[in-house]
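Here the structure is laid out as C-alpha cells; the discussion comes afterwards.
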Amino acid sequence: MPENQLPPELTDLLARLRSRIQRYVLLEGTASVLVVLGILFWLSLGLDWSYFALQRAELPRWIRFVIEVAGICTCLALFAGWVGLRWLRQFRQRALALVLERRFPELNDRLITAIELTGEQQVQRPVLTQAMLARTIDEVREASSHLDLGTVFDKRPLMRAGISASCLFVSVLAFAICFSDVFGLWFRRNVLLANESWKRETAIQLVVLAEPGERVIEFKDGVYKHPRGSDLTLQASVLPGMKVPEQVQLRYLMSDGSARGRAYFSRLGDRQFKHTLTGLLNSLDCNLLAGDAERTPYHIEVVEPPRIDRIVLNSLFPKYTGWNEADEKTGAVIRTPKPVQGTQVSLPSGTDFLLQAETNKPLVGVRIQTAGYDLEFSRDVARLTLFQQDGQTRGGSFTISGASQWTAKDGRSFSVPFLLASAKDQAVISDDGQARMPLRLPADAQLKIFLSDTDDVLTAEPARLAINSIIDEPPTIETQLRGIGSSITRKAIIPVTGVISDDYGVATARFDYRLDSADAQPRSFPTEPKGSKKFALEQSETQKWLRFDVLPLELKVGQKLSLSVIAEDADDLSGPHFAQGEKYNFQIVSDEELLSQLYARELNLRQRFEQILIEIQRSQTELTLARKTVVDLLDLGRKPKSVDRDQQLEVAGQNAATAAERGLYGIRKNHNETQAIGQSLGDIREEMINNAVDTPQTLERMDVKLLRPLKGINDIDFPDVDQRLGLFRLALQEQTDPLNRLDESLQALDRLKRKLELVLVEMRKLETYKELLEILKGIKAQQEELKKRTETENKRSIINKLK
C-alpha cells in the first residue's frame with residue numbers, strides 16, 4: 001500500500017459515516033417539512049372554518065391563494081434548507097475524522113494524524129517517521145474496527161421530528177377518514193382553489209321589493225341601483241330545505257362613511273323576513289346575519305330616479321279655431337308648441353298633438369296609462385292594451401308598428417302622437433283591428449306616465465298630466481231692447497243692441513221672429529259676422545243697434561210678435577252649435593193706445609218729480625232753521641268760557657252737523673231720482689220715435705222744455721248744492737266760520753228749487769189734455785161694455801118670448 005493512501009478500512013469507515021449523516025439529514029429534514037405541512041393544514045383549515053364561523057362568509061379566494069402560495073414556498077424553502085443544502089454539502093475526510101475523534105476519545109488523535117499525513121504531498125520521510133506512520137495507521141485500523149457509528153448522532157431531534165410528523169400525519173389521516181367530506185371540501189377550496197362553499201344549515205336569498213307594485217328585483221353581482229329618496233324594502237327568503245334562523249340582522253355602512261348601523265328584519269310567514277329603510281339618500285354596503293348563512297356583501301347604489309323635466313304639446317288645432325300658424329315660406333300649417341306648466345293643460349276638442357317629453361337620464365321604456373288603455377313602448381316595440389269598462393280588467397293587446405321612432409336615440413326624450421277626440425270619434429281600435437293613429441284620448445284625459453331607465457329604476461310615482469278638452473260651446477248672445485216696450489204699433493222699428501261672442505268666431509247670425517203661434521221665420525242681419533269672435537249688433541258706427549222693421553209684416557192690432565237673435569259657430573267636428581238670445585214678446589196696439597200708455601208713464605214720473613220738489617223744499621226749510629243754530633253757535637263762541645257755555649256750544653255744534661249731514665243725504669238722494677226721471681223721459685221720447693207716433697211739437701216739448709233743463713239741473717245745479725253743503729260740513733268739523741258756507745248753500749238750493757219748479761210747470765201743461773184723453777178712453781170703454789150688455793139683454797128677451 002502506498003504510504004500516502006489511507007487503508008481501505010479507514011476509507012470505508014469515513015464513507016459509512018458520511019452516508020449515515022446524509023440519511024439522518026434526509027430523515028430529519030423530511031420529518032420537519034412534514035411537520036410544517038401538518039401545521040399548515042390545520043392552520044389553513046382553522047382559518048378557513050373560523051372565518052366562515054365568525055363572519056358567516058367564505059374566505060376570499062385570493063386569501064386562500066396567498067396562503068397556498070405562501071405554504072408551498074415555505075415548504076420548499078424549508079426542504080431546501082433542511083435537506084437539499086445539507087445533503088449536497090461536501091464532507092471532507094478531516095471533518096469526518098474530527099467528528100470521530102470527538103466522539104471516540106480512544107482514537108487519541110491518531111485518525112486525524114493519519115489522514116493529515118497521508119494527505120501530504122509525497123516527500124522523502126525518514127525511516128523512523130515512516131515506521132511511526134505505519135504503526136499509527138495500524139493502531140487506527142485496529143481501533144476503528146470496534147467503533148459504533150450510530151453513537152455519533154444525537155437522535156433526539158430526529159425522534160422529535162419523527163414523532164411530531166407521525167402525530168400530525170395520523171391526525172390528518174384520521175381527520176380525512178372520519179371527516180372525508182370536510183377534508184375533501186378543504187382540499188378543493190385550499191389546494192384546488194375552487195369556489196365551493198362550506199356546507200351551511202341556513203341559506204338566504206335577498207331581493208329588493210321595488211315600487212311600484214313591490215316588484216321583485218334580484219341583486220346583479222351583489223349590486224342593486226336604488227332611486228334616491230325612495231323607501232328601500234328588502235326581503236330575505238330561506239331557501240327550501242334549509243333551517244330557518246331565529247332572526248335576520250342587517251348590518252350596513254354608508255359608502256361615504258357618514259353612518260353605520262344595524263337593523264332586524266320583521267318576520268313574514270314561516271320562511272320570509274322583511275325590512276324597509278325609509279327615504280334612502282346615500283349609497284351603502286351591507287350584509288345579512290342569519291344563522292350560519294353566508295354573509296354575502298351587498299352594495300346598494302343610490303341613483304337619481306328618472307323624471308320628466310319638460311313636456312311640450314306640439315299641436316295642430318282644429319281648423320275652425322283659427323289658431324294654427326303657417327310656414328312663412330311654404331304656407332303649410334305647422335304645429336304650435338304648447339309648453340305644459342304644472343300638471344294640467346287645456347286644448348280645444350279635436351286637437352292633434354305630439355306629447356314630447358324630455359327626461360333627466362336615458363330611458364329603456366315608457367308606460368302611459370289612461371282610463372281606457374295602457375301604452376307601453378321602448379326603442380324596439382310598442383304595445384297597447386285595452387281596459388274593460390271597469391277600468392282595471394285588461395282587454396285585447398295590440399302591437400303598434402312604426403313606434404321605434406317615438407324614443408330618441410340617446411333615450412333622453414320621447415314623442416307620442418295623440419288626438420283629443422270628440423265624443424263621436426272615441427274608438428281607439430279600427431275595424432281591421434289596428435290601433436288608430438294618432439292615439440285617441442277622451443275629453444278631460446288623465447295620463448299617468450311611468451319611466452324605466454338604464455339603471456333598471458322605475459318611477460315609484462308616475463308623472464301625472466291632465467289634458468282637458470275645451471268643448472266648443474255655443475255662441476253667447478247678450479241682447480237688450482233700446483227705446484221700445486212690450487206694446488208696439490204696426491209701424492214700429494225695434495232697436496236691438498248687444499254682442500254675440502264665441503271662443504273661435506261666429507259664423508252666421510240672424511233675427512228669428514214668430515207671429516202669434518206660427519212657425520219662426522228668419523231675417524238676415526244687414527252685416528255678417530265673418531268669423532268675428534265678438535260681433536256687435538249695430539247698424540253702423542253712429543247707430544249702435546240693429547233695427548227690426550215691423551211695417552213689412554203688415555200686422556194688425558191685437559196680433560203678437562216674438563223676436564230673438566240666433567247665432568251659429570263654425571265648429572265642423574262636433575257642431576255647428578246654435579244659440580238663441582233672449583226672447584222678446586210684443587203686442588200690436590193702436591197709436592192711441594200706445595200714446596195713452598206713454599202718457600200714463602209720464603204722469604207717474606210727474607208725481608215722482610213733485611215728491612222730489614217737496615223734499616227739496618223741506619231740506620231748504622231745515623237748513624234755514626239750522627242757520628239760526630249756527631248764529632247761536634257763533635255767539636256762544638264769543639262768550640267767556642264756562643261749563644254751561646261749553647255744553648250749549650257742544651249741543652249747538654251737534655245740531656248744526658246733523659242738519660248738514662241730513663241735507664247732504666237728501667240732496668244726493670234727490671239727485672239720483674232726478675237722473676232716473678230724466679232717463680225715463682228719454683226712453684219715452686225714443687219709444688215715441690220708434691213707434692212712429694211722434695210729432696214735431698211733442699219732440700220739441702220733450703227736448704227743449706224737459707230733457708235739456710233736466711240735464712242742466714243734473715249736471716250743474718245738483719253738484720253745486722252738494723259741493724257747497726260739503727264745504728259747510730267741513731267748516732263745522734274744522735271749527736271755522738260756517739255761516740258764509742251755509743248762506744251759499746241756501747242760495748244754491750234756492751236756485752235749484754226754482755229750476756225744478758219751471759220744469760214741473762212744463763210737465764203740468766199737458767196734464768189737462770192727457771187726463772181728458774184718459775176720460776174719453778174710459779167713456780169709450782164704458783160704451784163698449786154697455787153695448788155688449790145691451791146685446792146680451794136683447795138676446796135673452798128674444799129667447800124668453802120664443803118660449
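As shown in the C-alpha cells, the chain order sets the letters A, B, ...; within each chain, residues go from 1, and ligands are also counted from 1 in the order they appear.
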Check: Could you name the residues that touch A:Trp323 at 12 Å or less, counting only C-alpha atoms, but leaving out those on the same chain fewer than 3 positions away, as a list in words?
Finding: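 So, after excluding close chain neighbours, the residues are Ser315, Leu316, Phe317, Pro318, Lys319, Tyr320, Ala326, Val333, Ile334, Arg335, Thr336, Pro337, Lys338, Leu347, Pro348, Thr351, Asp503, Tyr504 and Gly505 of chain A.
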Run DSSP on the backbone and give me the residues of stretch 438-633 of chain A it puts in helix (DSSP H, G or I), as a PDB file with N, CA and C atoms, in the first residue's frame.
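Saved to states.pdb:
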ATOM      1  N   LEU A 551    -143.152  97.118 -39.998  1.00  0.00           N
ATOM      2  CA  LEU A 551    -144.094  97.524 -41.045  1.00  0.00           C
ATOM      3  C   LEU A 551    -144.196  96.505 -42.176  1.00  0.00           C
ATOM      4  N   PRO A 552    -143.080  95.909 -42.687  1.00  0.00           N
ATOM      5  CA  PRO A 552    -143.230  94.946 -43.794  1.00  0.00           C
ATOM      6  C   PRO A 552    -144.054  93.723 -43.428  1.00  0.00           C
ATOM      7  N   LEU A 553    -144.272  93.462 -42.176  1.00  0.00           N
ATOM      8  CA  LEU A 553    -145.038  92.284 -41.771  1.00  0.00           C
ATOM      9  C   LEU A 553    -146.545  92.513 -41.898  1.00  0.00           C
ATOM     10  N   ASP A 591    -152.131 103.426 -32.336  1.00  0.00           N
ATOM     11  CA  ASP A 591    -151.329 104.592 -31.955  1.00  0.00           C
ATOM     12  C   ASP A 591    -151.897 105.236 -30.693  1.00  0.00           C
ATOM     13  N   GLU A 592    -153.233 105.340 -30.624  1.00  0.00           N
ATOM     14  CA  GLU A 592    -153.841 105.978 -29.471  1.00  0.00           C
ATOM     15  C   GLU A 592    -153.562 105.187 -28.191  1.00  0.00           C
ATOM     16  N   GLU A 593    -153.647 103.847 -28.327  1.00  0.00           N
ATOM     17  CA  GLU A 593    -153.384 103.024 -27.143  1.00  0.00           C
ATOM     18  C   GLU A 593    -151.961 103.196 -26.654  1.00  0.00           C
ATOM     19  N   LEU A 594    -151.030 103.229 -27.587  1.00  0.00           N
ATOM     20  CA  LEU A 594    -149.625 103.393 -27.192  1.00  0.00           C
ATOM     21  C   LEU A 594    -149.408 104.757 -26.552  1.00  0.00           C
ATOM     22  N   LEU A 595    -149.991 105.836 -27.163  1.00  0.00           N
ATOM     23  CA  LEU A 595    -149.826 107.169 -26.580  1.00  0.00           C
ATOM     24  C   LEU A 595    -150.427 107.224 -25.192  1.00  0.00           C
ATOM     25  N   SER A 596    -151.536 106.552 -25.020  1.00  0.00           N
ATOM     26  CA  SER A 596    -152.150 106.534 -23.703  1.00  0.00           C
ATOM     27  C   SER A 596    -151.226 105.894 -22.676  1.00  0.00           C
ATOM     28  N   GLN A 597    -150.568 104.797 -23.058  1.00  0.00           N
ATOM     29  CA  GLN A 597    -149.637 104.138 -22.133  1.00  0.00           C
ATOM     30  C   GLN A 597    -148.447 105.035 -21.824  1.00  0.00           C
ATOM     31  N   LEU A 598    -147.966 105.732 -22.858  1.00  0.00           N
ATOM     32  CA  LEU A 598    -146.815 106.620 -22.631  1.00  0.00           C
ATOM     33  C   LEU A 598    -147.208 107.795 -21.749  1.00  0.00           C
ATOM     34  N   TYR A 599    -148.424 108.352 -21.956  1.00  0.00           N
ATOM     35  CA  TYR A 599    -148.881 109.458 -21.130  1.00  0.00           C
ATOM     36  C   TYR A 599    -149.036 109.019 -19.677  1.00  0.00           C
ATOM     37  N   ALA A 600    -149.498 107.791 -19.485  1.00  0.00           N
ATOM     38  CA  ALA A 600    -149.651 107.284 -18.120  1.00  0.00           C
ATOM     39  C   ALA A 600    -148.298 107.174 -17.432  1.00  0.00           C
ATOM     40  N   ARG A 601    -147.309 106.730 -18.178  1.00  0.00           N
ATOM     41  CA  ARG A 601    -145.959 106.652 -17.598  1.00  0.00           C
ATOM     42  C   ARG A 601    -145.432 108.030 -17.248  1.00  0.00           C
ATOM     43  N   GLU A 602    -145.753 109.031 -18.106  1.00  0.00           N
ATOM     44  CA  GLU A 602    -145.259 110.377 -17.823  1.00  0.00           C
ATOM     45  C   GLU A 602    -145.959 110.959 -16.607  1.00  0.00           C
ATOM     46  N   LEU A 603    -147.225 110.647 -16.423  1.00  0.00           N
ATOM     47  CA  LEU A 603    -147.931 111.117 -15.241  1.00  0.00           C
ATOM     48  C   LEU A 603    -147.294 110.564 -13.964  1.00  0.00           C
ATOM     49  N   ASN A 604    -146.918 109.315 -14.005  1.00  0.00           N
ATOM     50  CA  ASN A 604    -146.232 108.722 -12.844  1.00  0.00           C
ATOM     51  C   ASN A 604    -144.907 109.421 -12.580  1.00  0.00           C
ATOM     52  N   LEU A 605    -144.203 109.751 -13.642  1.00  0.00           N
ATOM     53  CA  LEU A 605    -142.928 110.453 -13.480  1.00  0.00           C
ATOM     54  C   LEU A 605    -143.153 111.836 -12.880  1.00  0.00           C
ATOM     55  N   ARG A 606    -144.254 112.494 -13.303  1.00  0.00           N
ATOM     56  CA  ARG A 606    -144.538 113.830 -12.747  1.00  0.00           C
ATOM     57  C   ARG A 606    -144.805 113.751 -11.255  1.00  0.00           C
ATOM     58  N   GLN A 607    -145.521 112.727 -10.849  1.00  0.00           N
ATOM     59  CA  GLN A 607    -145.801 112.555  -9.419  1.00  0.00           C
ATOM     60  C   GLN A 607    -144.512 112.339  -8.628  1.00  0.00           C
ATOM     61  N   ARG A 608    -143.623 111.541  -9.182  1.00  0.00           N
ATOM     62  CA  ARG A 608    -142.320 111.358  -8.520  1.00  0.00           C
ATOM     63  C   ARG A 608    -141.548 112.672  -8.479  1.00  0.00           C
ATOM     64  N   PHE A 609    -141.652 113.454  -9.579  1.00  0.00           N
ATOM     65  CA  PHE A 609    -140.935 114.729  -9.636  1.00  0.00           C
ATOM     66  C   PHE A 609    -141.489 115.692  -8.595  1.00  0.00           C
ATOM     67  N   GLU A 610    -142.796 115.700  -8.438  1.00  0.00           N
ATOM     68  CA  GLU A 610    -143.402 116.571  -7.415  1.00  0.00           C
ATOM     69  C   GLU A 610    -142.918 116.198  -6.018  1.00  0.00           C
ATOM     70  N   GLN A 611    -142.773 114.922  -5.761  1.00  0.00           N
ATOM     71  CA  GLN A 611    -142.290 114.486  -4.453  1.00  0.00           C
ATOM     72  C   GLN A 611    -140.846 114.937  -4.233  1.00  0.00           C
ATOM     73  N   ILE A 612    -140.034 114.887  -5.293  1.00  0.00           N
ATOM     74  CA  ILE A 612    -138.643 115.368  -5.179  1.00  0.00           C
ATOM     75  C   ILE A 612    -138.637 116.852  -4.807  1.00  0.00           C
ATOM     76  N   LEU A 613    -139.490 117.640  -5.454  1.00  0.00           N
ATOM     77  CA  LEU A 613    -139.542 119.072  -5.175  1.00  0.00           C
ATOM     78  C   LEU A 613    -139.978 119.318  -3.732  1.00  0.00           C
ATOM     79  N   ILE A 614    -140.951 118.547  -3.252  1.00  0.00           N
ATOM     80  CA  ILE A 614    -141.380 118.692  -1.858  1.00  0.00           C
ATOM     81  C   ILE A 614    -140.220 118.413  -0.902  1.00  0.00           C
ATOM     82  N   GLU A 615    -139.439 117.380  -1.176  1.00  0.00           N
ATOM     83  CA  GLU A 615    -138.301 117.026  -0.302  1.00  0.00           C
ATOM     84  C   GLU A 615    -137.230 118.099  -0.332  1.00  0.00           C
ATOM     85  N   ILE A 616    -137.016 118.725  -1.491  1.00  0.00           N
ATOM     86  CA  ILE A 616    -136.025 119.798  -1.574  1.00  0.00           C
ATOM     87  C   ILE A 616    -136.502 121.017  -0.775  1.00  0.00           C
ATOM     88  N   GLN A 617    -137.786 121.309  -0.869  1.00  0.00           N
ATOM     89  CA  GLN A 617    -138.314 122.424  -0.059  1.00  0.00           C
ATOM     90  C   GLN A 617    -138.163 122.133   1.427  1.00  0.00           C
ATOM     91  N   ARG A 618    -138.359 120.863   1.832  1.00  0.00           N
ATOM     92  CA  ARG A 618    -138.197 120.504   3.232  1.00  0.00           C
ATOM     93  C   ARG A 618    -136.733 120.678   3.651  1.00  0.00           C
ATOM     94  N   SER A 619    -135.797 120.286   2.796  1.00  0.00           N
ATOM     95  CA  SER A 619    -134.372 120.463   3.102  1.00  0.00           C
ATOM     96  C   SER A 619    -134.034 121.943   3.237  1.00  0.00           C
ATOM     97  N   GLN A 620    -134.632 122.777   2.350  1.00  0.00           N
ATOM     98  CA  GLN A 620    -134.370 124.208   2.423  1.00  0.00           C
ATOM     99  C   GLN A 620    -134.847 124.771   3.758  1.00  0.00           C
ATOM    100  N   THR A 621    -136.042 124.310   4.208  1.00  0.00           N
ATOM    101  CA  THR A 621    -136.582 124.784   5.485  1.00  0.00           C
ATOM    102  C   THR A 621    -135.681 124.368   6.654  1.00  0.00           C
ATOM    103  N   GLU A 622    -135.205 123.125   6.639  1.00  0.00           N
ATOM    104  CA  GLU A 622    -134.350 122.641   7.727  1.00  0.00           C
ATOM    105  C   GLU A 622    -133.024 123.403   7.767  1.00  0.00           C
ATOM    106  N   LEU A 623    -132.457 123.682   6.595  1.00  0.00           N
ATOM    107  CA  LEU A 623    -131.189 124.424   6.575  1.00  0.00           C
ATOM    108  C   LEU A 623    -131.394 125.870   7.023  1.00  0.00           C
ATOM    109  N   THR A 624    -132.591 126.430   6.725  1.00  0.00           N
ATOM    110  CA  THR A 624    -132.868 127.795   7.189  1.00  0.00           C
ATOM    111  C   THR A 624    -132.935 127.829   8.709  1.00  0.00           C
ATOM    112  N   LEU A 625    -133.575 126.800   9.296  1.00  0.00           N
ATOM    113  CA  LEU A 625    -133.606 126.705  10.753  1.00  0.00           C
ATOM    114  C   LEU A 625    -132.210 126.478  11.313  1.00  0.00           C
ATOM    115  N   ALA A 626    -131.409 125.725  10.581  1.00  0.00           N
ATOM    116  CA  ALA A 626    -130.045 125.467  11.042  1.00  0.00           C
ATOM    117  C   ALA A 626    -129.208 126.743  11.052  1.00  0.00           C
ATOM    118  N   ARG A 627    -129.591 127.737  10.221  1.00  0.00           N
ATOM    119  CA  ARG A 627    -128.824 128.989  10.195  1.00  0.00           C
ATOM    120  C   ARG A 627    -128.893 129.681  11.550  1.00  0.00           C
ATOM    121  N   LYS A 628    -130.087 129.627  12.169  1.00  0.00           N
ATOM    122  CA  LYS A 628    -130.212 130.219  13.498  1.00  0.00           C
ATOM    123  C   LYS A 628    -129.321 129.495  14.500  1.00  0.00           C
ATOM    124  N   THR A 629    -129.231 128.168  14.357  1.00  0.00           N
ATOM    125  CA  THR A 629    -128.356 127.396  15.245  1.00  0.00           C
ATOM    126  C   THR A 629    -126.909 127.798  15.046  1.00  0.00           C
ATOM    127  N   VAL A 630    -126.516 128.041  13.798  1.00  0.00           N
ATOM    128  CA  VAL A 630    -125.131 128.445  13.510  1.00  0.00           C
ATOM    129  C   VAL A 630    -124.845 129.814  14.105  1.00  0.00           C
ATOM    130  N   VAL A 631    -125.853 130.751  13.992  1.00  0.00           N
ATOM    131  CA  VAL A 631    -125.652 132.091  14.577  1.00  0.00           C
ATOM    132  C   VAL A 631    -125.485 131.973  16.083  1.00  0.00           C
ATOM    133  N   ASP A 632    -126.325 131.143  16.712  1.00  0.00           N
ATOM    134  CA  ASP A 632    -126.190 130.938  18.153  1.00  0.00           C
ATOM    135  C   ASP A 632    -124.828 130.328  18.481  1.00  0.00           C
ATOM    136  N   LEU A 633    -124.368 129.444  17.622  1.00  0.00           N
ATOM    137  CA  LEU A 633    -123.055 128.816  17.844  1.00  0.00           C
ATOM    138  C   LEU A 633    -121.943 129.846  17.826  1.00  0.00           C
TER     139      LEU A 633
END
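Picture a line from atom CA of A:Val25 to atom CA of A:Phe79; it runs 10.5 Å.
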Item checked: Contacts of stretch 420-429 of chain A at 8 Å (only C-alpha atoms; same-chain gap of 6+ positions) as a list in words ->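 Final neighbour list, sorted by chain and number: Leu347, Pro348, Ser349, Gly350, Thr351, Asp352, Ala435, Arg436, Leu439, Arg440, Leu441, Pro442, Ala443, Ser469, Leu573 and Ser574 of chain A.
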Notebook entry, point to check: Counting only C-alpha atoms, what is within 7 Å of stretch 58-73 of chain A, bar same-chain residues fewer than 6 positions away, as a ChimeraX atom specification?
Noted result: /A:40,48,51-52,190-191,193,197,294
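For the choices A:Asp737, A:Gly269, A:Phe41, A:Asp221, the atom-to-atom distance to A:Phe187 is smallest for A:Phe41 when using only C-alpha atoms.
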Next item on the list: Return as a PyMOL selection string the full set of residues in stretch 413-631 of chain A whose backbone-based DSSP assignment is strand (DSSP E or B).
Entry: chain A and resi 413-420+429+435+439-441+445-453+458+463-470+476-481+487-488+493-501+506-515+521-524+534-536+546-549+560-569+578-580+584-588
Write out, as a short mmCIF file (atom, residue, chain, number, x, y, z; two decimals), in the first residue's frame, the residues just selected, with C-alpha atoms.
data_model
loop_
_atom_site.label_atom_id
_atom_site.label_comp_id
_atom_site.auth_asym_id
_atom_site.auth_seq_id
_atom_site.Cartn_x
_atom_site.Cartn_y
_atom_site.Cartn_z
CA SER A 413 -86.71 62.15 -24.78
CA PHE A 414 -89.79 60.62 -26.36
CA SER A 415 -92.67 61.80 -28.51
CA VAL A 416 -96.10 60.13 -28.78
CA PRO A 417 -98.92 61.19 -31.16
CA PHE A 418 -102.35 61.77 -29.63
CA LEU A 419 -105.70 63.14 -30.75
CA LEU A 420 -108.07 64.78 -28.27
CA ILE A 429 -109.02 50.41 -32.40
CA ALA A 435 -104.58 50.96 -33.32
CA LEU A 439 -103.97 57.56 -30.42
CA ARG A 440 -107.39 58.75 -29.26
CA LEU A 441 -107.85 60.44 -25.92
CA ALA A 445 -107.96 62.72 -20.18
CA GLN A 446 -105.87 61.81 -17.14
CA LEU A 447 -102.41 60.48 -18.11
CA LYS A 448 -100.04 58.61 -15.79
CA ILE A 449 -96.51 58.36 -17.19
CA PHE A 450 -94.16 55.71 -15.78
CA LEU A 451 -90.46 55.78 -16.74
CA SER A 452 -87.86 52.98 -16.69
CA ASP A 453 -84.21 53.96 -17.10
CA LEU A 458 -88.86 52.55 -12.40
CA ALA A 463 -95.85 61.85 -13.67
CA ARG A 464 -99.46 62.97 -13.94
CA LEU A 465 -100.84 65.11 -16.71
CA ALA A 466 -104.46 66.19 -17.07
CA ILE A 467 -105.36 67.22 -20.63
CA ASN A 468 -108.69 68.99 -20.51
CA SER A 469 -110.73 69.19 -23.66
CA ILE A 470 -112.10 72.64 -24.36
CA THR A 476 -123.08 83.64 -26.23
CA ILE A 477 -125.77 86.17 -27.08
CA GLU A 478 -126.30 89.23 -24.90
CA THR A 479 -129.08 91.49 -26.19
CA GLN A 480 -131.36 94.20 -24.89
CA LEU A 481 -134.01 96.43 -26.37
CA SER A 487 -146.54 97.31 -26.74
CA ILE A 488 -145.74 98.48 -30.27
CA ILE A 493 -138.92 99.84 -35.50
CA ILE A 494 -137.44 97.54 -32.83
CA PRO A 495 -133.83 98.54 -31.98
CA VAL A 496 -131.77 95.63 -30.59
CA THR A 497 -128.34 96.19 -29.07
CA GLY A 498 -125.82 93.74 -27.68
CA VAL A 499 -122.91 91.46 -28.52
CA ILE A 500 -122.64 87.93 -29.92
CA SER A 501 -119.40 86.25 -28.82
CA VAL A 506 -119.34 83.49 -35.04
CA ALA A 507 -120.18 82.02 -38.45
CA THR A 508 -123.71 83.35 -39.00
CA ALA A 509 -126.30 85.42 -37.10
CA ARG A 510 -129.88 86.49 -37.82
CA PHE A 511 -133.23 87.51 -36.40
CA ASP A 512 -135.90 84.90 -35.76
CA TYR A 513 -139.48 86.16 -35.44
CA ARG A 514 -142.80 84.42 -34.84
CA LEU A 515 -146.30 85.78 -35.44
CA GLN A 521 -139.20 82.94 -39.67
CA PRO A 522 -135.59 84.12 -40.22
CA ARG A 523 -134.46 87.58 -41.22
CA SER A 524 -130.82 88.26 -42.06
CA LYS A 534 -117.18 89.42 -30.84
CA PHE A 535 -119.89 90.64 -33.17
CA ALA A 536 -121.60 93.84 -32.09
CA LEU A 546 -129.75 96.76 -35.26
CA ARG A 547 -133.29 97.63 -36.29
CA PHE A 548 -136.09 95.22 -36.96
CA ASP A 549 -138.82 96.83 -39.10
CA LYS A 560 -148.48 89.09 -31.10
CA LEU A 561 -144.87 89.17 -32.25
CA SER A 562 -141.95 87.22 -30.76
CA LEU A 563 -138.40 88.26 -31.66
CA SER A 564 -135.00 86.77 -30.82
CA VAL A 565 -131.43 86.65 -32.14
CA ILE A 566 -129.97 83.35 -33.45
CA ALA A 567 -126.22 82.68 -33.88
CA GLU A 568 -124.19 79.73 -35.19
CA ASP A 569 -120.47 78.90 -34.79
CA PHE A 578 -126.62 77.17 -32.28
CA ALA A 579 -127.58 79.72 -29.65
CA GLN A 580 -130.72 81.80 -29.18
CA TYR A 584 -138.88 89.36 -26.63
CA ASN A 585 -142.68 89.33 -26.88
CA PHE A 586 -144.65 92.27 -28.30
CA GLN A 587 -148.33 93.16 -28.53
CA ILE A 588 -149.55 95.17 -31.54
#
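We find atom CA of A:Glu785 and atom CA of A:Thr489 to be spaced 24.5 Å apart.
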Margin query: One number please: atom CA of A:Lys755 to atom CA of A:Ile713, in Å, one decimal.
Written below: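 Taking atom CA of A:Lys755 and atom CA of A:Ile713, their separation equals 7.5 Å.
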Next item on the list: Name all residues at most 12 Å from stretch 199-202 of chain A (count only C-alpha atoms; drop same-chain ones fewer than 4 positions away) and give them as JSON, numbers by chain.
Entry: {"A": [49, 52, 53, 56, 57, 58, 181, 182, 185, 186, 236, 237, 238, 239, 240, 241, 242, 243, 244, 245, 246, 247, 248, 271, 288, 289, 290, 291, 292, 293, 294, 295]}
